[in-house]
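Source file structure_30.cif; content: mmCIF, C-alpha atoms.
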```cif
data_run
#
loop_
_atom_site.label_atom_id
_atom_site.label_comp_id
_atom_site.auth_asym_id
_atom_site.auth_seq_id
_atom_site.Cartn_x
_atom_site.Cartn_y
_atom_site.Cartn_z
CA MET A 184 153.05 152.44 88.93
CA THR A 185 152.95 153.16 92.65
CA PRO A 186 154.22 151.07 95.59
CA SER A 187 150.65 150.05 96.37
CA ALA A 188 150.10 148.71 92.88
CA ARG A 189 151.71 145.42 93.84
CA PRO A 190 150.98 144.79 97.53
CA HIS A 191 152.63 141.37 97.58
CA GLU A 192 155.78 141.06 95.52
CA GLY A 193 157.09 137.80 96.88
CA ARG A 194 158.54 135.98 99.85
CA VAL A 195 162.03 135.18 101.01
CA GLU A 196 162.15 131.81 102.73
CA GLY A 197 161.49 132.13 106.47
CA THR A 198 160.42 135.79 106.36
CA GLU A 199 157.27 137.84 106.05
CA PRO A 200 156.04 138.60 102.52
CA ILE A 201 157.89 141.39 100.71
CA THR A 202 155.49 144.21 99.79
CA GLY A 203 155.60 146.62 96.90
CA GLN A 204 155.80 149.51 99.34
CA GLU A 205 158.91 148.01 100.94
CA ILE A 206 160.55 147.49 97.57
CA PHE A 207 159.87 151.00 96.30
CA ALA A 208 161.07 152.55 99.55
CA ALA A 209 164.34 150.63 99.33
CA HIS A 210 164.98 151.88 95.78
CA GLU A 211 163.89 155.50 96.24
CA GLY A 212 166.73 157.81 95.28
CA GLY A 213 168.73 154.88 93.91
CA LYS A 214 170.94 152.42 95.77
CA LEU A 215 174.37 154.00 95.23
CA SER A 216 176.36 157.01 96.36
CA VAL A 217 179.96 158.20 96.11
CA ALA A 218 182.01 158.04 99.30
CA VAL A 219 185.19 160.06 99.87
CA ASP A 220 187.90 158.01 101.57
CA ARG A 221 190.35 160.87 102.23
CA SER A 222 189.97 163.55 104.89
CA LEU A 223 188.88 167.00 103.68
CA ALA A 224 188.63 168.59 107.11
CA SER A 225 191.27 171.33 106.71
CA LYS A 226 192.86 173.65 104.17
CA ARG A 227 195.88 171.37 104.18
CA ASP A 228 193.63 168.42 103.29
CA LEU A 229 192.12 170.43 100.42
CA SER A 230 195.56 171.44 99.16
CA ILE A 231 196.64 167.80 99.05
CA ALA A 232 193.46 166.25 97.66
CA TYR A 233 192.76 169.01 95.16
CA THR A 234 194.62 172.11 94.05
CA PRO A 235 197.55 172.66 94.10
CA GLY A 236 198.66 169.17 95.22
CA VAL A 237 196.67 167.19 92.69
CA ALA A 238 198.62 168.84 89.86
CA GLN A 239 201.71 166.85 90.84
CA VAL A 240 199.84 163.59 90.34
CA SER A 241 198.41 164.77 87.02
CA ARG A 242 201.88 165.72 85.80
CA ALA A 243 203.20 162.32 86.84
CA ILE A 244 200.45 160.55 84.90
CA ALA A 245 201.06 162.73 81.85
CA ALA A 246 204.71 161.67 81.96
CA ASP A 247 203.95 158.01 82.69
CA PRO A 248 200.35 156.83 82.08
CA ALA A 249 201.01 153.73 84.22
CA VAL A 250 200.90 155.96 87.31
CA ALA A 251 197.12 156.23 86.78
CA ARG A 252 196.86 152.60 87.81
CA THR A 253 198.17 153.32 91.30
CA HIS A 254 197.01 156.91 91.82
CA THR A 255 193.43 156.94 90.50
CA TRP A 256 190.51 154.64 91.10
CA ALA A 257 190.24 153.64 87.41
CA SER A 258 192.15 150.39 87.78
CA ARG A 259 189.75 149.30 90.54
CA LEU A 260 186.56 150.56 88.89
CA VAL A 261 184.22 148.26 86.95
CA ALA A 262 181.86 149.74 84.36
CA VAL A 263 178.52 147.89 84.54
CA VAL A 264 177.16 148.39 81.02
CA SER A 265 173.74 147.62 79.55
CA ASP A 266 171.48 148.71 76.72
CA GLY A 267 168.39 147.31 78.47
CA THR A 268 167.54 144.78 75.78
CA ALA A 269 167.43 141.59 77.89
CA VAL A 270 166.78 142.63 81.48
CA LEU A 271 166.11 139.76 83.91
CA GLY A 272 162.88 138.10 82.76
CA LEU A 273 161.48 141.42 81.57
CA GLY A 274 163.03 141.50 78.10
CA ASN A 275 163.72 144.67 76.13
CA ILE A 276 162.62 147.36 78.59
CA GLY A 277 165.19 150.00 77.65
CA PRO A 278 168.14 151.66 79.37
CA SER A 279 166.31 153.73 81.98
CA ALA A 280 164.29 150.76 83.21
CA SER A 281 167.48 148.69 83.36
CA LEU A 282 169.24 151.20 85.62
CA PRO A 283 167.86 149.84 88.94
CA VAL A 284 169.26 146.43 87.96
CA MET A 285 172.66 147.88 87.08
CA GLU A 286 172.71 149.79 90.39
CA GLY A 287 172.00 146.49 92.11
CA LYS A 288 174.87 144.87 90.24
CA SER A 289 177.18 147.62 91.42
CA ALA A 290 175.99 147.09 94.98
CA LEU A 291 176.88 143.40 94.66
CA PHE A 292 180.34 144.22 93.32
CA LYS A 293 181.03 146.38 96.36
CA THR A 294 179.46 144.07 98.94
CA PHE A 295 180.91 140.78 97.74
CA GLY A 296 184.04 141.80 95.82
CA GLY A 297 185.10 145.02 97.50
CA LEU A 298 185.16 146.69 94.07
CA ASP A 299 183.79 150.08 93.13
CA SER A 300 181.69 150.13 89.99
CA ILE A 301 179.54 152.54 88.05
CA PRO A 302 176.38 151.71 86.08
CA ILE A 303 176.41 152.92 82.48
CA VAL A 304 173.17 152.47 80.54
CA LEU A 305 173.31 153.37 76.87
CA ASN A 306 170.51 154.73 74.71
CA THR A 307 171.54 152.69 71.69
CA THR A 308 171.43 149.06 70.65
CA ASP A 309 173.95 149.49 67.83
CA VAL A 310 177.04 147.39 68.52
CA ASP A 311 179.37 149.83 66.75
CA GLU A 312 178.02 152.76 68.78
CA ILE A 313 178.32 150.89 72.07
CA ILE A 314 181.93 149.94 71.31
CA GLU A 315 182.82 153.47 70.23
CA THR A 316 181.27 154.92 73.37
CA LEU A 317 183.09 152.57 75.72
CA VAL A 318 186.42 152.99 73.94
CA ARG A 319 186.13 156.77 74.22
CA ILE A 320 185.43 156.71 77.97
CA SER A 321 187.72 153.77 78.77
CA PRO A 322 190.36 155.86 80.63
CA SER A 323 187.74 156.19 83.38
CA PHE A 324 187.58 152.51 84.39
CA GLY A 325 189.59 149.29 84.58
CA ALA A 326 187.12 146.56 83.57
CA VAL A 327 183.75 146.12 81.84
CA ASN A 328 180.89 143.96 83.05
CA LEU A 329 178.38 143.66 80.21
CA GLU A 330 174.89 142.99 81.50
CA ASP A 331 171.43 142.22 80.14
CA ILE A 332 172.30 142.61 76.45
CA SER A 333 170.31 140.47 74.05
CA ALA A 334 171.65 137.64 71.91
CA PRO A 335 173.05 137.31 69.35
CA ARG A 336 174.41 140.89 69.54
CA CYS A 337 176.00 140.16 72.93
CA PHE A 338 178.42 137.66 71.35
CA GLU A 339 179.76 140.14 68.80
CA LEU A 340 179.82 142.96 71.34
CA GLU A 341 181.84 141.02 73.89
CA ARG A 342 184.27 139.68 71.29
CA ARG A 343 184.94 143.07 69.75
CA LEU A 344 185.22 144.86 73.09
CA ILE A 345 187.81 142.34 74.26
CA GLU A 346 189.80 143.21 71.14
CA ALA A 347 189.29 146.97 71.50
CA LEU A 348 189.93 147.41 75.24
CA ASP A 349 193.14 146.56 77.07
CA MET A 350 191.27 145.43 80.19
CA PRO A 351 189.06 142.59 81.49
CA VAL A 352 185.68 142.39 79.72
CA MET A 353 182.98 139.83 80.54
CA HIS A 354 179.29 139.45 79.74
CA ASP A 355 178.08 138.09 83.06
CA ASP A 356 174.80 136.73 81.71
CA GLN A 357 176.94 134.35 79.69
CA HIS A 358 179.98 133.50 81.73
CA GLY A 359 178.82 134.07 85.30
CA THR A 360 175.96 131.66 84.72
CA ALA A 361 178.29 129.18 83.04
CA VAL A 362 180.89 129.25 85.83
CA VAL A 363 178.36 128.61 88.58
CA ALA A 364 176.56 125.95 86.51
CA LEU A 365 179.86 124.10 86.05
CA ALA A 366 180.65 124.35 89.77
CA ALA A 367 177.23 122.93 90.61
CA LEU A 368 177.48 120.19 87.99
CA THR A 369 180.92 119.20 89.22
CA ASN A 370 179.50 118.50 92.66
CA ALA A 371 176.19 117.07 91.44
CA ALA A 372 178.16 114.52 89.42
CA LYS A 373 179.99 113.50 92.59
CA VAL A 374 176.68 113.07 94.42
CA VAL A 375 175.38 110.68 91.74
CA GLY A 376 178.73 108.92 91.30
CA LYS A 377 179.51 110.10 87.75
CA ASP A 378 182.48 111.82 86.19
CA LEU A 379 182.01 114.83 83.93
CA ALA A 380 183.34 113.12 80.82
CA SER A 381 180.68 110.41 80.98
CA LEU A 382 177.69 112.75 81.22
CA ARG A 383 175.13 113.25 78.51
CA ALA A 384 174.05 116.87 78.99
CA VAL A 385 171.11 118.72 77.44
CA ILE A 386 170.89 122.52 77.49
CA ALA A 387 167.54 124.17 76.75
CA GLY A 388 168.25 127.64 75.44
CA ALA A 389 170.82 128.58 72.81
CA GLY A 390 171.09 132.24 73.71
CA ALA A 391 173.77 134.00 75.74
CA ALA A 392 173.70 131.73 78.79
CA GLY A 393 173.10 128.47 76.91
CA ILE A 394 176.02 128.99 74.52
CA ALA A 395 178.34 129.91 77.39
CA VAL A 396 177.27 126.90 79.46
CA ALA A 397 177.90 124.63 76.47
CA GLU A 398 181.32 126.20 75.96
CA ILE A 399 182.45 125.75 79.56
CA LEU A 400 181.12 122.17 79.73
CA LEU A 401 183.09 121.26 76.62
CA THR A 402 186.18 122.95 78.07
CA ALA A 403 185.72 121.01 81.32
CA GLY A 404 185.63 117.69 79.46
CA VAL A 405 181.93 116.93 78.95
CA ARG A 406 181.86 115.21 75.56
CA ASP A 407 178.14 114.78 74.87
CA VAL A 408 176.34 118.15 74.93
CA VAL A 409 173.06 118.78 73.10
CA LEU A 410 171.72 122.34 72.71
CA LEU A 411 168.10 123.19 71.99
CA ASP A 412 166.53 126.40 70.75
CA SER A 413 162.84 127.11 70.18
CA LYS A 414 162.88 124.94 67.02
CA GLY A 415 164.58 121.89 68.53
CA THR A 416 168.07 120.47 68.80
CA LEU A 417 171.02 122.14 67.15
CA HIS A 418 172.50 119.66 64.70
CA ALA A 419 174.57 119.75 61.55
CA GLY A 420 171.56 118.97 59.35
CA ARG A 421 169.65 122.13 60.22
CA GLY A 422 169.86 124.66 57.41
CA ASP A 423 168.39 127.57 59.37
CA LEU A 424 171.34 128.07 61.74
CA THR A 425 173.79 130.96 61.52
CA GLY A 426 176.39 132.58 63.73
CA MET A 427 177.03 131.03 67.12
CA LYS A 428 174.23 128.50 66.71
CA ALA A 429 175.80 127.16 63.52
CA GLU A 430 179.20 127.01 65.20
CA PHE A 431 177.85 125.06 68.16
CA ALA A 432 175.80 122.74 65.97
CA ALA A 433 179.17 121.64 64.58
CA ARG A 434 180.84 121.38 67.99
CA THR A 435 178.08 119.64 69.97
CA ASN A 436 175.50 116.88 69.57
CA PRO A 437 177.95 114.09 68.64
CA ARG A 438 175.13 111.53 68.31
CA GLY A 439 173.19 113.73 65.88
CA VAL A 440 170.04 113.89 68.00
CA THR A 441 167.11 115.52 66.19
CA GLY A 442 163.72 116.63 67.46
CA GLY A 443 162.85 118.47 70.66
CA THR A 444 163.23 118.02 74.40
CA ALA A 445 161.58 114.58 74.36
CA GLU A 446 164.21 113.16 72.02
CA ALA A 447 167.11 115.06 73.61
CA LEU A 448 166.27 114.11 77.21
CA ALA A 449 165.64 110.40 76.59
CA GLY A 450 168.41 108.68 78.56
CA ALA A 451 170.22 111.96 79.32
CA ASN A 452 172.06 112.45 82.61
CA VAL A 453 171.81 116.23 82.84
CA PHE A 454 169.24 118.88 81.97
CA ILE A 455 170.21 122.56 82.20
CA GLY A 456 167.42 125.01 81.45
CA VAL A 457 168.33 128.60 80.59
CA SER A 458 165.27 129.46 78.54
CA SER A 459 161.67 130.42 79.15
CA SER A 460 160.43 127.06 77.90
CA THR A 461 158.38 124.54 79.82
CA VAL A 462 159.52 120.91 80.01
CA PRO A 463 156.81 118.29 80.58
CA GLU A 464 157.27 115.93 83.51
CA GLY A 465 157.32 112.95 81.18
CA HIS A 466 160.46 114.23 79.49
CA ILE A 467 162.23 114.51 82.87
CA ALA A 468 161.01 111.05 83.80
CA ALA A 469 162.61 109.65 80.64
CA MET A 470 166.10 110.75 81.71
CA ALA A 471 168.65 108.23 82.96
CA GLU A 472 168.54 106.98 86.53
CA GLY A 473 170.24 109.33 88.97
CA SER A 474 169.67 112.32 86.71
CA ILE A 475 170.56 115.95 87.40
CA VAL A 476 168.13 118.79 86.66
CA PHE A 477 169.10 122.47 86.72
CA ALA A 478 165.93 124.44 85.88
CA LEU A 479 167.37 127.94 86.04
CA SER A 480 164.78 130.24 84.48
CA ASN A 481 163.44 132.90 86.82
CA PRO A 482 160.94 133.34 88.27
CA ASP A 483 159.40 130.25 86.68
CA PRO A 484 161.76 127.26 86.23
CA GLU A 485 161.38 125.10 83.14
CA VAL A 486 160.05 122.36 85.39
CA ALA A 487 158.79 122.87 88.94
CA PRO A 488 161.41 121.68 91.47
CA GLU A 489 158.93 119.49 93.31
CA VAL A 490 158.07 117.78 90.01
CA ALA A 491 161.70 117.34 89.01
CA ARG A 492 162.50 115.74 92.38
CA ARG A 493 160.12 112.88 91.63
CA HIS A 494 162.57 111.69 89.00
CA ALA A 495 165.95 113.43 89.44
CA ALA A 496 168.58 112.77 92.10
CA VAL A 497 169.79 116.40 92.20
CA VAL A 498 167.72 119.48 91.42
CA ALA A 499 168.85 123.12 91.27
CA THR A 500 167.13 126.37 90.32
CA GLY A 501 167.98 130.05 90.07
CA ARG A 502 165.70 130.88 92.98
CA SER A 503 166.60 131.61 96.58
CA ASP A 504 163.58 129.77 98.04
CA PHE A 505 164.78 126.31 96.94
CA PRO A 506 167.99 124.42 97.68
CA ASN A 507 170.96 124.70 95.30
CA GLN A 508 170.54 128.23 93.99
CA ILE A 509 172.66 128.82 90.88
CA ASN A 510 173.42 132.49 91.50
CA ASN A 511 175.90 134.54 89.46
CA VAL A 512 176.97 136.45 92.57
CA LEU A 513 178.99 133.36 93.47
CA ALA A 514 181.22 134.10 90.48
CA PHE A 515 181.45 137.58 89.05
CA PRO A 516 182.72 139.60 92.06
CA GLY A 517 185.64 137.24 92.60
CA ILE A 518 186.37 136.84 88.89
CA PHE A 519 186.71 140.58 88.36
CA ARG A 520 188.55 141.10 91.64
CA GLY A 521 191.02 138.34 90.83
CA ALA A 522 191.59 139.66 87.32
CA LEU A 523 192.18 143.22 88.55
CA ASP A 524 194.35 142.11 91.48
CA ALA A 525 196.61 140.24 89.06
CA GLY A 526 196.66 143.03 86.47
CA ALA A 527 195.10 140.78 83.84
CA ARG A 528 194.25 142.21 80.43
CA ARG A 529 191.72 139.46 79.66
CA ILE A 530 189.38 137.05 81.42
CA THR A 531 190.39 133.69 79.95
CA PRO A 532 188.78 130.22 79.87
CA ALA A 533 191.42 129.06 82.39
CA MET A 534 190.35 131.79 84.80
CA LYS A 535 186.69 130.78 84.47
CA LEU A 536 187.52 127.12 85.09
CA ALA A 537 189.55 128.13 88.15
CA ALA A 538 186.58 130.10 89.47
CA ALA A 539 184.23 127.14 88.98
CA ARG A 540 186.59 124.77 90.77
CA ALA A 541 187.00 127.19 93.67
CA ILE A 542 183.24 127.51 94.09
CA ALA A 543 182.73 123.75 93.91
CA ALA A 544 185.46 123.11 96.48
CA LEU A 545 183.69 125.25 99.08
CA ALA A 546 180.69 122.89 99.11
CA GLU A 547 182.65 119.65 99.36
CA ASP A 548 182.66 119.59 103.18
CA LYS A 549 178.85 119.31 103.33
CA LEU A 550 178.16 117.84 99.92
CA SER A 551 174.67 116.36 99.43
CA ALA A 552 171.84 116.36 96.93
CA ASP A 553 170.56 119.58 98.52
CA TYR A 554 173.96 121.27 98.85
CA ILE A 555 176.07 121.33 95.71
CA VAL A 556 177.11 125.00 95.80
CA PRO A 557 177.76 127.32 98.75
CA SER A 558 175.29 130.03 99.68
CA PRO A 559 175.68 133.36 97.88
CA LEU A 560 176.07 134.85 101.37
CA ASP A 561 178.94 132.53 102.33
CA PRO A 562 181.82 134.92 103.15
CA ARG A 563 184.39 132.41 101.89
CA VAL A 564 183.25 132.58 98.29
CA ALA A 565 184.59 135.85 96.89
CA PRO A 566 188.04 135.52 98.51
CA ALA A 567 188.38 131.93 97.26
CA VAL A 568 187.34 132.83 93.71
CA THR A 569 189.57 135.92 93.74
CA ALA A 570 192.61 133.88 94.76
CA ALA A 571 191.91 131.11 92.24
CA VAL A 572 191.39 133.52 89.35
CA ALA A 573 194.48 135.56 90.21
CA ALA A 574 196.54 132.38 90.36
CA ALA A 575 195.28 131.35 86.91
CA VAL A 576 196.43 134.58 85.26
CA VAL A 577 199.34 134.10 82.88
CA VAL A 578 201.70 137.07 82.69
CA GLY A 579 200.86 139.11 79.59
CA GLU A 580 197.21 138.01 79.39
#
```
Do you think you could lay out the structure here as structure tokens?
Amino acid sequence: MTPSARPHEGRVEGTEPITGQEIFAAHEGGKLSVAVDRSLASKRDLSIAYTPGVAQVSRAIAADPAVARTHTWASRLVAVVSDGTAVLGLGNIGPSASLPVMEGKSALFKTFGGLDSIPIVLNTTDVDEIIETLVRISPSFGAVNLEDISAPRCFELERRLIEALDMPVMHDDQHGTAVVALAALTNAAKVVGKDLASLRAVIAGAGAAGIAVAEILLTAGVRDVVLLDSKGTLHAGRGDLTGMKAEFAARTNPRGVTGGTAEALAGANVFIGVSSSTVPEGHIAAMAEGSIVFALSNPDPEVAPEVARRHAAVVATGRSDFPNQINNVLAFPGIFRGALDAGARRITPAMKLAAARAIAALAEDKLSADYIVPSPLDPRVAPAVTAAVAAAVVVGE
């Protein structure tokens, strides 16, 4: 494929169309480089930064491994890890094709969180092999951001890595999405005059993001959550459910709703779409008055925003060309920065809740149906999330 193969790749609101040539030029040679932040202008500089001076630091670390935290970059370095099995809306495109996305993630870590990171794409989809690889190279970094790894393997991988590594580990496709969705829902509920506990919420998609959104909503106090997969609602009577789906069938859907989106959305207050499904307008129209619709699939939302607005009081998408963009960059740079600043060994549910509340608070001064979360470019976001997450760390976690 050449830059001219796609002459019109899209449009950012208020700008000229973005061309394929412009995109390919911006990615040529990759988007990352290594910068040296110590002077190497003299022999003295070389003697301090490298041999013989560096040997003193190496000896100190050999005697006390904790010195590596303060005298190497490992404790401030995030490994951005993918196997390329669930990349954006492209699916299983493999590790090499996922690398531009991982480079972009690293660029976001640096720009918004002030954290160095390194993309690591692995030519295996075996969970055991991925864990073994990361454990073996773990002295090189201080945290792991799992990215674009398909469900249900991503659940096992994250769980086992958290157990195997003494450092923060988070699958951003799950928890970043969930944190920002909760922040947005917190403010959307205020706009429509509801409290979280009273909401009837429906989540379309029972993969990585859908399960994580359900988890954080339950943690935040939403009592009535219904999950749907491609076969319909998750409920205790379904005999085809295993793993995380079976677990959440037992933990959600307190009214025992069966069927598909039509049955689930009838009278519901909230719809959160994190699937590639399409929801008919009639199903949105059947929701309760003053409903909230988050159609987050990219690039095509489950229901077109202009259609959803005919019936819903608050509408959000994952796109930058509509109001209320649910964007993970609001969450993950500050979450990792806060965890690393505080020396946390884990990213806990309390830290995720703290991040969601911090994001929501930044939009309260201008709160409206078209402004329930701050812009991803708002410079207040990462510092606020960092501080909130660091404050939520319990010593020893």
For the point (179.3, 107.9, 81.1) in file coordinates, what residues are within 10 Å, counting all atoms listed in the file? Give the answer as a VMD selection string? chain A and resid 377 to 383 405 to 407 452
I'd like the residues picked by the PyMOL selection byres ((chain A and resi 345-358) around 9) written out as a ChimeraX atom specification, using the chain letters and numbers from the file. /A:314,317-318,321,325-332,337-338,340-344,359-363,390-396,399,511,514-515,519,522-523,526-530,535
Leaving out Ala573 (chain A) and any residue of its chain fewer than 2 positions from it, which residues lie within 9 Å of it when counting only C-alpha atoms, given as number ranges by chain? A: 518, 520-527, 534, 568-571, 575-577
Could you save the residues just selected, with C-alpha atoms, as a PDB file, keeping the file's coordinate frame?
```pdb
ATOM      1  CA  ILE A 518     186.370 136.840  88.890  1.00  0.00           C
ATOM      2  CA  ARG A 520     188.550 141.100  91.640  1.00  0.00           C
ATOM      3  CA  GLY A 521     191.020 138.340  90.830  1.00  0.00           C
ATOM      4  CA  ALA A 522     191.590 139.660  87.320  1.00  0.00           C
ATOM      5  CA  LEU A 523     192.180 143.220  88.550  1.00  0.00           C
ATOM      6  CA  ASP A 524     194.350 142.110  91.480  1.00  0.00           C
ATOM      7  CA  ALA A 525     196.610 140.240  89.060  1.00  0.00           C
ATOM      8  CA  GLY A 526     196.660 143.030  86.470  1.00  0.00           C
ATOM      9  CA  ALA A 527     195.100 140.780  83.840  1.00  0.00           C
ATOM     10  CA  MET A 534     190.350 131.790  84.800  1.00  0.00           C
ATOM     11  CA  VAL A 568     187.340 132.830  93.710  1.00  0.00           C
ATOM     12  CA  THR A 569     189.570 135.920  93.740  1.00  0.00           C
ATOM     13  CA  ALA A 570     192.610 133.880  94.760  1.00  0.00           C
ATOM     14  CA  ALA A 571     191.910 131.110  92.240  1.00  0.00           C
ATOM     15  CA  ALA A 575     195.280 131.350  86.910  1.00  0.00           C
ATOM     16  CA  VAL A 576     196.430 134.580  85.260  1.00  0.00           C
ATOM     17  CA  VAL A 577     199.340 134.100  82.880  1.00  0.00           C
TER      18      VAL A 577
END
```
Take the PyMOL selection byres ((chain A and resi 447) around 12), apply it to the structure above, and return the hits as a PyMOL selection string. chain A and resi 383-387+407-412+415-418+436-446+448-455+462+466-467+469-471
Here's a test: counting all atoms listed in the file, identify every protein, DNA and RNA residue with an atom at most 8 Å from (167.0, 126.0, 83.1) in the file's coordinate frame, and state them as number ranges by chain. A: 386-388, 454-459, 477-480, 484-485, 500
